[in-house]
Each structure stands twice: as structure tokens, then as C-alpha cells.
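What's in run27.txt: compact mmCIF, C-alpha atoms
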```txt
# COMPACT_ATOMS: atom_id res chain seq x y z
CA MET A 24 128.87 59.51 113.19
CA ASN A 25 125.92 57.17 112.99
CA ILE A 26 123.10 58.18 110.65
CA LYS A 27 119.77 56.41 110.65
CA ILE A 28 117.12 56.78 107.97
CA LEU A 29 113.72 55.95 109.41
CA GLY A 30 110.95 54.74 107.15
CA SER A 31 109.50 51.60 105.68
CA GLY A 32 111.00 51.83 102.22
CA CYS A 33 108.80 54.54 100.76
CA ALA A 34 110.03 56.88 98.02
CA ASN A 35 110.58 59.64 100.57
CA CYS A 36 113.03 57.52 102.56
CA VAL A 37 115.08 56.80 99.46
CA ASN A 38 115.15 60.51 98.65
CA LEU A 39 116.12 61.39 102.22
CA GLU A 40 119.00 58.91 102.12
CA ARG A 41 120.18 60.32 98.79
CA VAL A 42 120.28 63.97 99.96
CA THR A 43 121.87 62.95 103.26
CA ARG A 44 124.62 61.02 101.48
CA GLU A 45 125.21 64.07 99.29
CA ALA A 46 125.50 66.31 102.35
CA VAL A 47 127.86 63.88 104.09
CA ALA A 48 130.07 63.70 101.01
CA GLU A 49 130.21 67.50 100.68
CA LEU A 50 131.14 67.91 104.32
CA GLY A 51 133.65 65.09 104.06
CA LEU A 52 132.21 63.39 107.12
CA ASP A 53 132.93 59.88 108.21
CA ALA A 54 129.47 58.41 108.70
CA GLU A 55 127.87 55.01 108.74
CA PHE A 56 124.33 54.71 107.39
CA GLU A 57 121.65 52.52 108.86
CA LYS A 58 118.09 51.93 107.68
CA VAL A 59 115.37 51.55 110.28
CA THR A 60 112.33 49.95 108.68
CA GLU A 61 110.53 48.25 111.59
CA TYR A 62 107.54 50.28 112.72
CA ALA A 63 108.16 49.59 116.39
CA ASP A 64 111.69 50.96 116.12
CA ILE A 65 110.59 53.96 114.06
CA ALA A 66 107.85 54.82 116.54
CA SER A 67 110.21 54.49 119.49
CA TYR A 68 111.99 57.61 118.24
CA GLY A 69 108.74 59.50 118.68
CA ILE A 70 108.37 59.94 114.94
CA MET A 71 104.84 59.90 113.56
CA ARG A 72 105.50 60.96 110.02
CA THR A 73 108.10 59.25 107.88
CA PRO A 74 110.77 59.71 106.74
CA GLY A 75 112.91 60.54 109.74
CA LEU A 76 116.56 61.46 110.06
CA VAL A 77 118.35 60.39 113.23
CA VAL A 78 121.99 61.26 113.88
CA ASP A 79 123.79 59.73 116.85
CA ASP A 80 120.40 58.78 118.30
CA GLU A 81 118.99 62.28 118.06
CA VAL A 82 116.00 63.02 115.81
CA LEU A 83 116.93 65.89 113.52
CA LEU A 84 114.05 65.83 111.10
CA SER A 85 110.79 64.06 110.38
CA GLY A 86 107.86 64.17 108.02
CA ARG A 87 109.50 65.77 105.01
CA VAL A 88 112.39 65.42 102.62
CA PRO A 89 114.83 68.33 103.03
CA THR A 90 117.28 69.60 100.45
CA ALA A 91 120.93 68.53 100.62
CA ALA A 92 121.78 72.09 101.71
CA GLN A 93 119.39 71.84 104.67
CA VAL A 94 120.89 68.52 105.73
CA ARG A 95 124.35 70.06 105.44
CA GLU A 96 123.28 72.82 107.84
CA LEU A 97 121.95 70.24 110.29
CA LEU A 98 125.07 68.10 110.10
CA ALA A 99 127.74 70.83 110.00
CA PRO A 100 127.73 71.57 113.77
CA ARG A 101 128.24 67.86 114.39
CA ALA A 102 131.34 67.52 112.28
CA PRO A 103 134.30 66.62 114.49
CA VAL A 104 136.81 69.44 114.81
CA ALA A 105 139.83 68.33 112.80
CA MET B 21 118.93 99.19 108.12
CA SER B 22 121.67 96.75 107.25
CA LEU B 23 122.12 95.34 103.79
CA ALA B 24 121.00 91.89 104.88
CA GLN B 25 117.80 93.31 106.40
CA ARG B 26 117.05 95.32 103.28
CA VAL B 27 117.57 92.30 101.04
CA GLY B 28 115.37 90.24 103.38
CA ALA B 29 112.58 92.83 103.36
CA GLY B 30 112.80 93.13 99.57
CA SER B 31 112.45 89.41 98.99
CA ALA B 32 109.54 89.23 101.47
CA THR B 33 107.69 91.97 99.54
CA ARG B 34 108.42 90.17 96.28
CA ARG B 35 107.07 86.94 97.79
CA TRP B 36 103.72 88.46 98.81
CA LEU B 37 103.44 90.33 95.50
CA GLY B 38 104.15 87.06 93.69
CA LEU B 39 101.41 85.36 95.70
CA ALA B 40 98.93 88.15 94.89
CA GLY B 41 99.88 87.92 91.20
CA ALA B 42 99.43 84.15 91.17
CA ALA B 43 96.01 84.55 92.85
CA ALA B 44 94.92 87.09 90.20
CA VAL B 45 96.02 84.79 87.36
CA TRP B 46 94.17 81.92 89.04
CA VAL B 47 90.89 83.87 89.32
CA ALA B 48 91.15 85.06 85.71
CA ALA B 49 91.82 81.54 84.41
CA TYR B 50 88.90 80.15 86.45
CA GLU B 51 86.52 82.81 85.10
CA LEU B 52 87.66 82.46 81.49
CA ASN B 53 87.65 78.64 81.46
CA VAL B 54 84.05 78.09 80.34
CA HIS B 55 84.17 80.84 77.69
CA LEU B 56 87.43 79.52 76.29
CA TRP B 57 86.04 76.01 75.78
CA ASP B 58 82.65 77.23 74.54
CA TRP B 59 84.55 79.10 71.88
CA LEU B 60 87.09 76.36 71.03
CA VAL B 61 84.74 73.36 71.09
CA PHE B 62 81.57 74.88 69.68
CA ASP B 63 82.76 77.78 67.49
CA VAL B 64 86.25 76.80 66.31
CA ALA B 65 85.82 73.01 66.14
CA GLY B 66 82.18 73.41 65.16
CA LEU B 67 80.74 70.70 67.44
CA ASP B 68 77.06 70.93 68.27
CA PRO B 69 76.47 71.70 72.00
CA GLU B 70 73.36 69.51 71.85
CA SER B 71 75.17 66.52 70.36
CA ARG B 72 76.62 63.70 72.43
CA LEU B 73 80.12 64.23 71.13
CA GLY B 74 79.97 67.99 71.59
CA SER B 75 78.67 67.89 75.17
CA GLY B 76 80.99 65.01 76.08
CA VAL B 77 84.13 66.70 74.73
CA HIS B 78 83.18 70.03 76.29
CA PHE B 79 82.55 68.32 79.66
CA PHE B 80 85.96 66.62 79.51
CA VAL B 81 88.14 69.63 78.66
CA TYR B 82 86.20 72.14 80.76
CA ASP B 83 86.12 69.88 83.81
CA SER B 84 89.79 68.89 83.51
CA VAL B 85 90.91 72.51 83.59
CA LYS B 86 88.43 73.54 86.28
CA ILE B 87 89.38 70.67 88.57
CA GLY B 88 93.09 71.24 87.93
CA LEU B 89 92.73 74.89 88.93
CA LEU B 90 90.66 74.10 92.01
CA LEU B 91 93.12 71.47 93.19
CA THR B 92 96.11 73.75 92.67
CA GLY B 93 94.53 76.64 94.57
CA ILE B 94 93.03 74.72 97.46
CA ILE B 95 95.94 72.32 98.04
CA PHE B 96 98.32 75.29 98.18
CA VAL B 97 96.19 77.27 100.64
CA VAL B 98 95.43 74.24 102.82
CA THR B 99 99.08 73.15 102.94
CA VAL B 100 100.23 76.62 103.99
CA LEU B 101 97.53 76.80 106.70
CA ARG B 102 98.25 73.26 107.88
CA SER B 103 101.95 74.04 108.20
CA PHE B 104 100.93 75.65 111.50
CA MET B 105 99.68 72.27 112.75
CA SER B 106 101.59 69.02 113.19
CA VAL B 107 100.86 65.44 114.17
CA GLU B 108 103.02 66.02 117.23
CA ARG B 109 100.88 68.95 118.37
CA THR B 110 97.70 66.99 117.68
CA ARG B 111 98.93 64.12 119.79
CA ALA B 112 99.81 66.49 122.63
CA LEU B 113 96.29 67.96 122.43
CA LEU B 114 94.69 64.50 122.52
CA GLY B 115 96.85 63.03 125.29
CA GLY B 116 94.81 62.28 128.41
CA LYS B 117 91.49 63.22 126.76
CA ARG B 118 88.52 61.09 127.73
CA GLU B 119 86.36 59.34 125.20
CA GLY B 120 83.54 61.51 123.91
CA VAL B 121 85.29 64.88 124.06
CA GLY B 122 88.41 63.12 122.80
CA ASN B 123 86.59 61.64 119.81
CA VAL B 124 85.12 64.98 118.81
CA MET B 125 88.52 66.67 119.09
CA ALA B 126 90.27 63.85 117.26
CA ALA B 127 87.86 63.99 114.31
CA GLY B 128 88.27 67.77 114.05
CA LEU B 129 92.05 67.54 114.33
CA GLY B 130 92.02 64.77 111.71
CA VAL B 131 90.74 67.37 109.25
CA VAL B 132 93.26 70.12 110.03
CA THR B 133 96.40 68.09 110.74
CA PRO B 134 98.79 67.52 107.83
CA PHE B 135 98.75 63.78 107.51
CA CYS B 136 99.09 61.10 104.87
CA SER B 137 97.59 57.67 105.35
CA CYS B 138 101.03 56.26 104.47
CA SER B 139 101.99 57.39 108.00
CA ALA B 140 98.94 55.74 109.60
CA VAL B 141 101.03 53.05 111.29
CA PRO B 142 103.70 55.20 112.98
CA ALA B 143 100.97 57.66 113.98
CA PHE B 144 98.84 54.88 115.46
CA ILE B 145 101.79 53.59 117.51
CA GLY B 146 102.77 57.13 118.49
CA PHE B 147 99.26 58.01 119.67
CA VAL B 148 98.69 54.79 121.61
CA ALA B 149 102.15 54.85 123.18
CA ALA B 150 101.44 58.41 124.35
CA GLY B 151 98.25 57.24 126.09
CA VAL B 152 95.64 58.35 123.58
CA PRO B 153 92.72 55.85 123.81
CA ILE B 154 92.27 53.48 120.85
CA GLY B 155 88.79 54.80 120.02
CA VAL B 156 90.03 58.40 119.98
CA THR B 157 92.97 57.40 117.74
CA MET B 158 90.47 55.70 115.42
CA SER B 159 88.36 58.86 115.16
CA PHE B 160 91.49 60.63 113.94
CA LEU B 161 92.34 57.89 111.45
CA ILE B 162 88.79 57.81 110.03
CA ALA B 163 88.37 61.58 109.68
CA SER B 164 91.78 62.26 108.19
CA PRO B 165 91.42 60.55 104.78
CA MET B 166 87.66 61.15 104.51
CA VAL B 167 87.60 64.92 104.98
CA ASN B 168 90.68 65.92 103.00
CA GLU B 169 91.57 68.96 100.93
CA VAL B 170 91.18 67.17 97.60
CA ALA B 171 87.62 66.08 98.44
CA ILE B 172 86.74 69.56 99.72
CA ALA B 173 88.22 71.30 96.65
CA LEU B 174 86.28 69.10 94.26
CA LEU B 175 82.98 69.13 96.13
CA LEU B 176 83.13 72.90 96.37
CA GLY B 177 83.83 73.30 92.67
CA LEU B 178 81.38 70.71 91.37
CA PHE B 179 78.47 70.95 93.82
CA GLY B 180 78.84 74.21 95.72
CA ILE B 181 79.00 75.05 99.40
CA GLY B 182 75.87 73.22 100.64
CA PRO B 183 76.81 69.64 99.70
CA THR B 184 80.42 70.38 100.77
CA LEU B 185 79.35 71.32 104.30
CA LEU B 186 77.03 68.31 104.42
CA TYR B 187 79.89 66.05 103.41
CA ILE B 188 82.25 67.53 106.02
CA GLY B 189 79.59 67.28 108.74
CA ALA B 190 78.74 63.71 107.80
CA GLY B 191 82.41 62.71 107.64
CA LEU B 192 83.02 64.13 111.12
CA LEU B 193 79.93 62.36 112.45
CA VAL B 194 81.02 58.99 111.07
CA ALA B 195 84.52 59.51 112.53
CA ILE B 196 83.22 60.54 115.97
CA VAL B 197 80.60 57.81 116.33
CA GLY B 198 82.79 55.16 114.67
CA GLY B 199 85.66 55.92 117.06
CA MET B 200 83.33 55.82 120.07
CA VAL B 201 81.96 52.42 119.03
CA LEU B 202 85.47 51.05 118.43
CA GLY B 203 86.45 52.36 121.87
CA ARG B 204 83.61 50.37 123.45
CA VAL B 205 84.41 46.92 122.03
CA ARG B 206 87.62 46.58 124.04
CA ALA B 207 89.63 46.90 120.85
CA GLU B 208 92.88 46.67 122.88
CA ARG B 209 92.54 42.87 122.61
CA TRP B 210 93.01 43.12 118.86
CA VAL B 211 96.01 45.39 118.74
CA GLU B 212 99.42 43.77 118.17
CA PRO B 213 101.09 43.63 121.61
CA PHE B 214 104.32 45.33 120.52
CA VAL B 215 102.40 48.61 120.18
CA PHE B 216 101.87 48.76 123.95
CA GLU B 217 105.48 47.82 124.60
CA THR B 218 106.81 50.67 122.49
CA ARG B 219 108.54 53.18 124.73
CA LEU B 220 109.12 56.66 123.49
CA ARG B 221 112.63 57.87 124.06
CA GLY B 222 114.31 61.17 123.72
CA GLN B 223 113.02 64.55 122.72
CA VAL B 224 110.05 64.57 120.37
CA LEU B 225 110.80 66.84 117.48
CA ASP B 226 108.04 69.13 116.25
CA SER B 227 108.62 69.17 112.50
CA THR B 228 106.97 72.58 112.09
CA LEU B 229 109.20 74.52 114.45
CA GLY B 230 111.08 77.44 112.96
CA LEU B 231 109.39 77.48 109.57
CA SER B 232 109.45 80.81 107.73
CA TRP B 233 106.79 82.02 105.29
CA ALA B 234 109.21 81.17 102.49
CA ASP B 235 109.36 77.59 103.80
CA ARG B 236 105.57 77.39 104.07
CA PHE B 237 105.06 78.66 100.50
CA GLN B 238 107.71 76.22 99.33
CA MET B 239 105.86 73.37 101.09
CA GLY B 240 102.61 74.49 99.45
CA ARG B 241 104.16 74.45 95.98
CA GLU B 242 105.77 71.05 96.56
CA GLU B 243 102.50 69.59 97.87
CA VAL B 244 100.56 70.83 94.83
CA GLY B 245 103.16 69.19 92.58
CA SER B 246 103.32 65.91 94.45
CA ILE B 247 99.53 65.50 94.78
CA LEU B 248 98.85 66.42 91.15
CA ARG B 249 101.59 64.03 89.97
CA LYS B 250 99.99 61.28 92.04
CA ILE B 251 96.34 61.77 91.13
CA TRP B 252 96.29 62.96 87.51
CA PRO B 253 95.73 59.49 86.00
CA TYR B 254 92.77 58.90 88.34
CA LEU B 255 91.49 62.34 87.56
CA LEU B 256 91.58 61.89 83.78
CA VAL B 257 90.00 58.43 83.94
CA GLY B 258 87.30 59.79 86.27
CA ILE B 259 86.57 62.80 84.08
CA GLY B 260 86.66 60.58 80.98
CA LEU B 261 84.09 58.19 82.47
CA GLY B 262 82.08 61.19 83.60
CA ALA B 263 82.17 62.60 80.05
CA VAL B 264 80.99 59.28 78.61
CA ILE B 265 78.12 59.09 81.08
CA HIS B 266 77.38 62.75 80.51
CA GLY B 267 77.20 62.43 76.75
CA TRP B 268 76.02 58.90 76.10
CA ALA B 269 74.13 57.37 79.03
CA PRO B 270 70.34 57.65 78.66
CA GLN B 271 68.91 60.29 80.95
CA ASP B 272 66.90 57.92 83.15
CA LEU B 273 69.10 54.81 83.09
CA PHE B 274 70.70 55.27 86.51
CA ALA B 275 67.76 57.04 88.08
CA ARG B 276 65.48 54.15 87.16
CA TYR B 277 67.64 51.51 88.82
CA ALA B 278 69.40 53.44 91.58
CA GLY B 279 67.10 56.39 92.19
CA ALA B 280 65.53 57.47 95.45
CA GLY B 281 62.79 54.86 95.02
CA ASN B 282 65.19 51.95 95.45
CA PRO B 283 66.01 51.31 99.14
CA LEU B 284 68.87 48.99 98.16
CA ALA B 285 70.72 51.70 96.23
CA VAL B 286 72.68 52.97 99.27
CA PRO B 287 74.01 49.59 100.46
CA VAL B 288 74.90 48.65 96.90
CA ALA B 289 76.75 51.96 96.49
CA VAL B 290 78.73 51.30 99.71
CA LEU B 291 79.51 47.70 98.72
CA LEU B 292 80.71 48.89 95.32
CA GLY B 293 82.78 51.64 96.91
CA VAL B 294 84.74 49.61 99.48
CA PRO B 295 86.87 47.49 97.11
CA LEU B 296 87.24 50.35 94.63
CA TYR B 297 90.51 51.99 95.38
CA SER B 298 90.66 55.49 94.13
CA ASN B 299 90.71 58.90 95.68
CA ALA B 300 88.36 61.83 95.67
CA ALA B 301 89.95 63.08 92.45
CA GLY B 302 89.01 60.00 90.47
CA ILE B 303 85.58 59.52 91.97
CA LEU B 304 84.10 63.00 92.06
CA PRO B 305 83.85 63.69 88.30
CA LEU B 306 81.99 60.40 88.10
CA VAL B 307 79.76 61.41 91.00
CA GLU B 308 79.02 64.72 89.27
CA ALA B 309 77.98 62.99 86.05
CA LEU B 310 75.77 60.51 87.93
CA HIS B 311 74.18 63.37 89.86
CA ASP B 312 73.34 65.07 86.56
CA LYS B 313 71.62 61.84 85.55
CA GLY B 314 69.35 62.04 88.58
CA LEU B 315 71.01 59.92 91.26
CA PRO B 316 70.23 61.23 94.77
CA MET B 317 72.99 63.02 96.70
CA GLY B 318 72.90 60.69 99.73
CA THR B 319 73.59 57.61 97.63
CA LEU B 320 76.42 59.41 95.83
CA LEU B 321 78.04 60.77 99.00
CA ALA B 322 77.88 57.28 100.55
CA PHE B 323 79.57 55.85 97.46
CA MET B 324 82.29 58.49 97.60
CA MET B 325 82.91 58.06 101.33
CA ALA B 326 83.19 54.30 100.94
CA VAL B 327 85.77 54.76 98.20
CA VAL B 328 87.99 57.27 100.01
CA ALA B 329 87.60 56.21 103.66
CA LEU B 330 88.02 52.47 103.28
CA SER B 331 91.01 51.63 101.14
CA LEU B 332 92.64 48.26 100.81
CA PRO B 333 96.26 49.55 100.85
CA GLU B 334 95.63 51.38 104.14
CA MET B 335 94.09 48.24 105.65
CA ILE B 336 97.12 46.22 104.60
CA LEU B 337 99.38 48.78 106.26
CA LEU B 338 97.27 48.80 109.43
CA ARG B 339 97.50 44.99 109.57
CA ARG B 340 101.03 45.59 110.95
CA VAL B 341 99.51 46.95 114.16
CA LEU B 342 95.91 45.69 114.18
CA LYS B 343 94.73 42.08 114.23
CA PRO B 344 92.31 40.99 111.47
CA ARG B 345 89.38 41.06 113.91
CA LEU B 346 89.88 44.76 114.57
CA ILE B 347 90.38 45.56 110.90
CA ALA B 348 87.13 43.75 110.08
CA THR B 349 85.34 45.58 112.92
CA PHE B 350 86.82 48.88 111.72
CA ILE B 351 85.52 48.31 108.18
CA ALA B 352 82.11 47.18 109.45
CA VAL B 353 81.68 50.16 111.80
CA VAL B 354 82.75 52.74 109.23
CA ALA B 355 80.65 51.12 106.47
CA ALA B 356 77.62 51.13 108.80
CA GLY B 357 78.18 54.81 109.53
CA ILE B 358 78.43 55.64 105.83
CA LEU B 359 75.24 53.66 105.17
CA ALA B 360 73.39 55.69 107.81
CA VAL B 361 74.68 58.94 106.29
CA GLY B 362 73.49 57.87 102.83
CA TYR B 363 69.95 57.10 104.02
CA LEU B 364 69.82 60.26 106.14
CA PHE B 365 70.81 62.55 103.26
CA ASN B 366 68.45 60.85 100.84
CA ALA B 367 65.64 61.43 103.33
CA VAL B 368 66.60 65.01 104.20
CA LEU B 369 67.39 66.20 100.68
CA ALA B 370 64.49 64.51 98.94
```

Entire entry expressed as C-alpha cells:
Amino acid sequence: MNIKILGSGCANCVNLERVTREAVAELGLDAEFEKVTEYADIASYGIMRTPGLVVDDEVLLSGRVPTAAQVRELLAPRAPVA
Amino acid sequence: MSLAQRVGAGSATRRWLGLAGAAAVWVAAYELNVHLWDWLVFDVAGLDPESRLGSGVHFFVYDSVKIGLLLTGIIFVVTVLRSFMSVERTRALLGGKREGVGNVMAAGLGVVTPFCSCSAVPAFIGFVAAGVPIGVTMSFLIASPMVNEVAIALLLGLFGIGPTLLYIGAGLLVAIVGGMVLGRVRAERWVEPFVFETRLRGQVLDSTLGLSWADRFQMGREEVGSILRKIWPYLLVGIGLGAVIHGWAPQDLFARYAGAGNPLAVPVAVLLGVPLYSNAAGILPLVEALHDKGLPMGTLLAFMMAVVALSLPEMILLRRVLKPRLIATFIAVVAAGILAVGYLFNAVLA
């Protein structure tokens, strides 16, 4: 699973990455993290408020920092069936 | 009724009761504020209300609490109401709008859309890539920081409804006319080319979909916390300066040099305001104290608009998408609009 954190290094992006890493660890997912900081790339996802969370090229969240539990809910359906 | 439904209904009732309780506590605190400090400062501490120290200290503590309460209440209410709007919906509303109507809509939406100037760049790209004209986008970007909930909360509390409505009307006017002018100068020449090459892919996510009342209240509480954490130093410095002016500055000092009789007062206020980076929270206690000392409202509103609408950090951010020529034009157009507003209000309110 490919997880992208969209945002130009603001505090919110750091927080989003932290809660997402927590959620990934709790679910035991195998995920690679990527930071997208260029505005052109961020905007190309249709996001107008940072931070944004993109998983496998799909925008799951933008404009606010969720809790780790909310991220877990978003990611759970995407966990590969073992 | 299933157990889950009953639990859900119970927590919903508790939530609304909690809100009503919080509102009652808020009203009581707001009403008691002045009596509490009258008693503590003048009766318990024994300071003379007519003395400089007494009136300065009273101004500081009373204003700090009053402004804190106003900010808490209004930011919460505005955030909950705004959770029904989103930048995505605003962009959809503005797409394909012509200039004129588009500028008016954009300025109005700039007021009601939840938006932080830290997102000015992705929003600019998003709007332009979706076909919103540059001038219309600019109307949005001018109105959004100028007419914000913090400014409205403070104006309402310190000056009452009249000056608040004037400020909102003037802010919208500057945003509408400024955006129309920027739309006419072929500003496209001065936008970094990559903006036009940006292609939107995939499904655009509306970040407000599926929010419950619990989520909206939660957002309101978080927003109150995050804004207060961010602005309290500005607020205390502003109120402190206001208290010093209130208690110590001679009554006619400012009025003599910057009163209605001096035609240069408005441009000087705007020039002073542009490089000053603060927000409404830091500037309004100061504005209140200067108003008490006889400065005219138009000059003060122009000063405040220049401080909040034209900020250096936002310009530096916008440099990523706008060439220096457009940034300079943007500053010049908005400053000219603010100048006009200052003179107009001084003339009308005199």
C-alpha cells in the first residue's frame, strides 16, 4: 500500500503523518510513506486545503487532521485479506 | 427501539443539553465580567477608577476576559455553521461564473467558506485549474482573511453592530472591486505557468461529507482551541498596548496629529498597517483605545484592514504561484481600495 501525505511541511502534515503511522502500525499493514510537498502535485489531486491523505492514488481525506482511530477506519477496508 | 438507537438518542440529548448549558455559562460570565473587575480592581485592590493605573489595569483585565469570551463563543458558532460549507463546494459554485457576478459571489463565499490563508496556494491552483477566472479567485482571496470570524467577534464586542456591518460591507466592496480590477489587467501573464498546466485527476473529495453534529461540535471546540493558542500572545500585547494608551496617553495626542482634520492620516495609517503583521486579535484592542482617544473610525478601519488583509507571510506563499508583478499589483489595488474606504467612512461618519 502506498500512502502519500500531501502538504508543504506545515504542523498539520506532521500530525497527519504521525496518526497515519499509528493506524498503519495498529492494523499491521505493509505500507510505504511518501511526502508530497510541491504545490503543483498537491493541487493535481484536487485538494484545496492541506493536509491531504492519499492512499493508492485515491484521496481519502483533506483539510483536517483526523484521529488515529478515524484513519484506521479509512484504512481497514484496504487491508489485504491474509 | 434497539439498544444502540437508545444510546444514540441519549447521547444526542446530552450533547444539546451540554451546548445549552455552555451557552448559559457563557452569557452569565459575559454579564458578570464588568462587575467582577469593578469589585476586584476598585474595591478589593483599592485602585482609584480615575487614576491612570486603576483605569489601565481595569481596561486590561476586563478586556482580556471579554475578548476571550467573545472569541470562544463566535469562533465555535461560526465553525459549526461553516462546517456546512467547503472550499470544494465554493469552487463548484464559482466555476464558469462571469466576472462581475462572479466577483460578488466570490467575495461573499470568501466570508462563509472555512478557509485558512495557509491554504491560499493550493486553493488558487485549484480554482484556476477548474476554470475560475483570476479576478474572481482574487476576490475570494481578498475577502477571506479580511472579513473573518475573529475580526467580526471583536468588532461586535468592542464597537457594536453598526461599525461591524460597515466593516463587513467595506471589506466585501474592496474584495469585489479589487478582484474586478485585477481581472482587467490581464493578470494571467503574471501567474506562474505551471498553474495552467495543472490537471485535476480523480474524484474530488468533499471534506464535509458525512459529518454528524458530534463531528461539527468537535470541530468547533478544536477550532476555538487552535485559534486561541495561536493568537493569545498578539491579543495580550494588543490589550496591553491598548491599556497603556488608555491610561497614559494624553487625551488629545492622537486626535491632534491624526484626527479628522489631517487628510494624510488615512494613507499614513495604511502605510503603517501593511508591513505590520498581526491579526485582528492583536490590532483591535489597540484600535479601541485609539478610538477612545478621538481617532476617526475610517482611519482606524483602514489601519485594521491594511494589517489583516495584506500580510507578508501570505505574499511570500503566493509568490509560489504569482510573479512579483502581480503580487505588487495585488498589494497596490487592495491598498488603494482600503484607502478609499478610509476616506469614505471619515466623510460619512463625521

Checklist entry - What is the distance between atom CA of B:His266 and atom CA of B:Tyr363, in Å to one decimal? => result 25.3 Å

Next on the checklist: Calculated over all atoms listed in the file, which of the candidates B:Leu304, B:Val361, B:Met239, B:Val45 has the smallest distance to B:Ile188?
Outcome noted: B:Val361

Next on the checklist: Measuring between all atoms listed in the file, which one of A:Pro100, A:Leu52, A:Val37, A:Ile26 shows the shortest distance to A:Pro74?
Outcome noted: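 Distance minimum relative to A:Pro74 lands on A:Val37.
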
How would you write as a PDB file with C-alpha atoms, keeping the file's coordinate frame the residues that get within 12 Å of (81.6, 52.2, 118.8) in the file's frame, counting all atoms listed in the file?
```pdb
ATOM      1  CA  GLU B 119      86.360  59.340 125.200  1.00  0.00           C
ATOM      2  CA  GLY B 120      83.540  61.510 123.910  1.00  0.00           C
ATOM      3  CA  ASN B 123      86.590  61.640 119.810  1.00  0.00           C
ATOM      4  CA  ILE B 154      92.270  53.480 120.850  1.00  0.00           C
ATOM      5  CA  GLY B 155      88.790  54.800 120.020  1.00  0.00           C
ATOM      6  CA  VAL B 156      90.030  58.400 119.980  1.00  0.00           C
ATOM      7  CA  MET B 158      90.470  55.700 115.420  1.00  0.00           C
ATOM      8  CA  SER B 159      88.360  58.860 115.160  1.00  0.00           C
ATOM      9  CA  VAL B 194      81.020  58.990 111.070  1.00  0.00           C
ATOM     10  CA  ALA B 195      84.520  59.510 112.530  1.00  0.00           C
ATOM     11  CA  ILE B 196      83.220  60.540 115.970  1.00  0.00           C
ATOM     12  CA  VAL B 197      80.600  57.810 116.330  1.00  0.00           C
ATOM     13  CA  GLY B 198      82.790  55.160 114.670  1.00  0.00           C
ATOM     14  CA  GLY B 199      85.660  55.920 117.060  1.00  0.00           C
ATOM     15  CA  MET B 200      83.330  55.820 120.070  1.00  0.00           C
ATOM     16  CA  VAL B 201      81.960  52.420 119.030  1.00  0.00           C
ATOM     17  CA  LEU B 202      85.470  51.050 118.430  1.00  0.00           C
ATOM     18  CA  GLY B 203      86.450  52.360 121.870  1.00  0.00           C
ATOM     19  CA  ARG B 204      83.610  50.370 123.450  1.00  0.00           C
ATOM     20  CA  VAL B 205      84.410  46.920 122.030  1.00  0.00           C
ATOM     21  CA  ARG B 206      87.620  46.580 124.040  1.00  0.00           C
ATOM     22  CA  ALA B 207      89.630  46.900 120.850  1.00  0.00           C
ATOM     23  CA  LEU B 346      89.880  44.760 114.570  1.00  0.00           C
ATOM     24  CA  THR B 349      85.340  45.580 112.920  1.00  0.00           C
ATOM     25  CA  PHE B 350      86.820  48.880 111.720  1.00  0.00           C
ATOM     26  CA  ILE B 351      85.520  48.310 108.180  1.00  0.00           C
ATOM     27  CA  ALA B 352      82.110  47.180 109.450  1.00  0.00           C
ATOM     28  CA  VAL B 353      81.680  50.160 111.800  1.00  0.00           C
ATOM     29  CA  VAL B 354      82.750  52.740 109.230  1.00  0.00           C
ATOM     30  CA  ALA B 356      77.620  51.130 108.800  1.00  0.00           C
ATOM     31  CA  GLY B 357      78.180  54.810 109.530  1.00  0.00           C
TER      32      GLY B 357
END
```

Checklist entry - Which chain A residues are at most 6 Å from chain B (counting only C-alpha atoms), as a list of chain:residue names? => result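 Listed by rising number, the hits are A:Ala66, A:Ser67, A:Tyr68, A:Gly69, A:Met71, A:Arg72, A:Ser85.
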
Next on the checklist: Report as a list of chain:residue names all protein, DNA and RNA residues lying within 7 Å of B:Ala163, evaluated on all atoms listed in the file, omitting residues in the same chain fewer than 4 positions from it.
Outcome noted: B:Ala127, B:Gly130, B:Val131, B:Ser159, B:Val167, B:Gly191, B:Leu192, B:Ala195

Checklist entry - Between A:Val59, A:Ala54, A:Ala102, A:Glu40, which is the closest to A:Met24 once you count all atoms listed in the file? => result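 Closest to A:Met24 of all the choices is A:Ala54.
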
Checklist entry - Using all atoms listed in the file, which residue out of B:Leu255, B:Pro316, B:Lys343, B:Val170 lies closest to B:Glu208? => result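 Going through B:Leu255, B:Pro316, B:Lys343, B:Val170 one by one, the smallest distance to B:Glu208 is for B:Lys343.
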
Checklist entry - So how far away is atom CA of B:Tyr82 from atom CA of B:Lys313, in Å? => result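 A separation of 18.5 Å between them.
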
Next on the checklist: I'd like the interatomic distance between atom CA of B:Leu321 and atom CA of B:Asn168, to a tenth of an Å.
Outcome noted: 14.2 Å

Item to check | 12 Å contact set for B:Asp58, all atoms listed in the file, chain neighbours under 2 positions out, as a PyMOL selection string | outcome: chain B and resi 52-56+60-69+74-75+77-79+81-82

Next on the checklist: My list of candidates is A:Arg87, A:Val47, A:Ala63, A:Asp53. Which is closest to A:Gly75 when distances are computed with all atoms listed in the file?
Outcome noted: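 Going through A:Arg87, A:Val47, A:Ala63, A:Asp53 one by one, the smallest distance to A:Gly75 is for A:Arg87.
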
Next on the checklist: So, with only C-alpha atoms as the atoms that count, which of A:Cys36, A:Leu84, A:Leu76, A:Ile28 lies closest to A:Lys58?
Outcome noted: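 Of all the options, A:Ile28 lies closest to A:Lys58.
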
Next on the checklist: At a cut-off of 12 Å, using only C-alpha atoms, what residues contact A:Ala48? Leave out same-chain residues fewer than 4 positions from it and give the result as a VMD selection string.
Outcome noted: chain A and resid 41 to 44 52 to 55 91 to 92 94 to 95 98 to 99 102

Checklist entry - Could you pull the residues within 12 Å of stretch 279-288 of chain B, counting all atoms listed in the file, minus those fewer than 6 positions along the same chain, as a PyMOL selection string? => result chain B and resi 272-273+294+310-311+313-326+355-370

Item to check | Who sits within 12 Å of B:Glu242, all atoms listed in the file, same chain under 3 positions skipped, as number ranges by chain | outcome: A: 87-89; B: 92, 95-96, 99-100, 235-239, 245-249
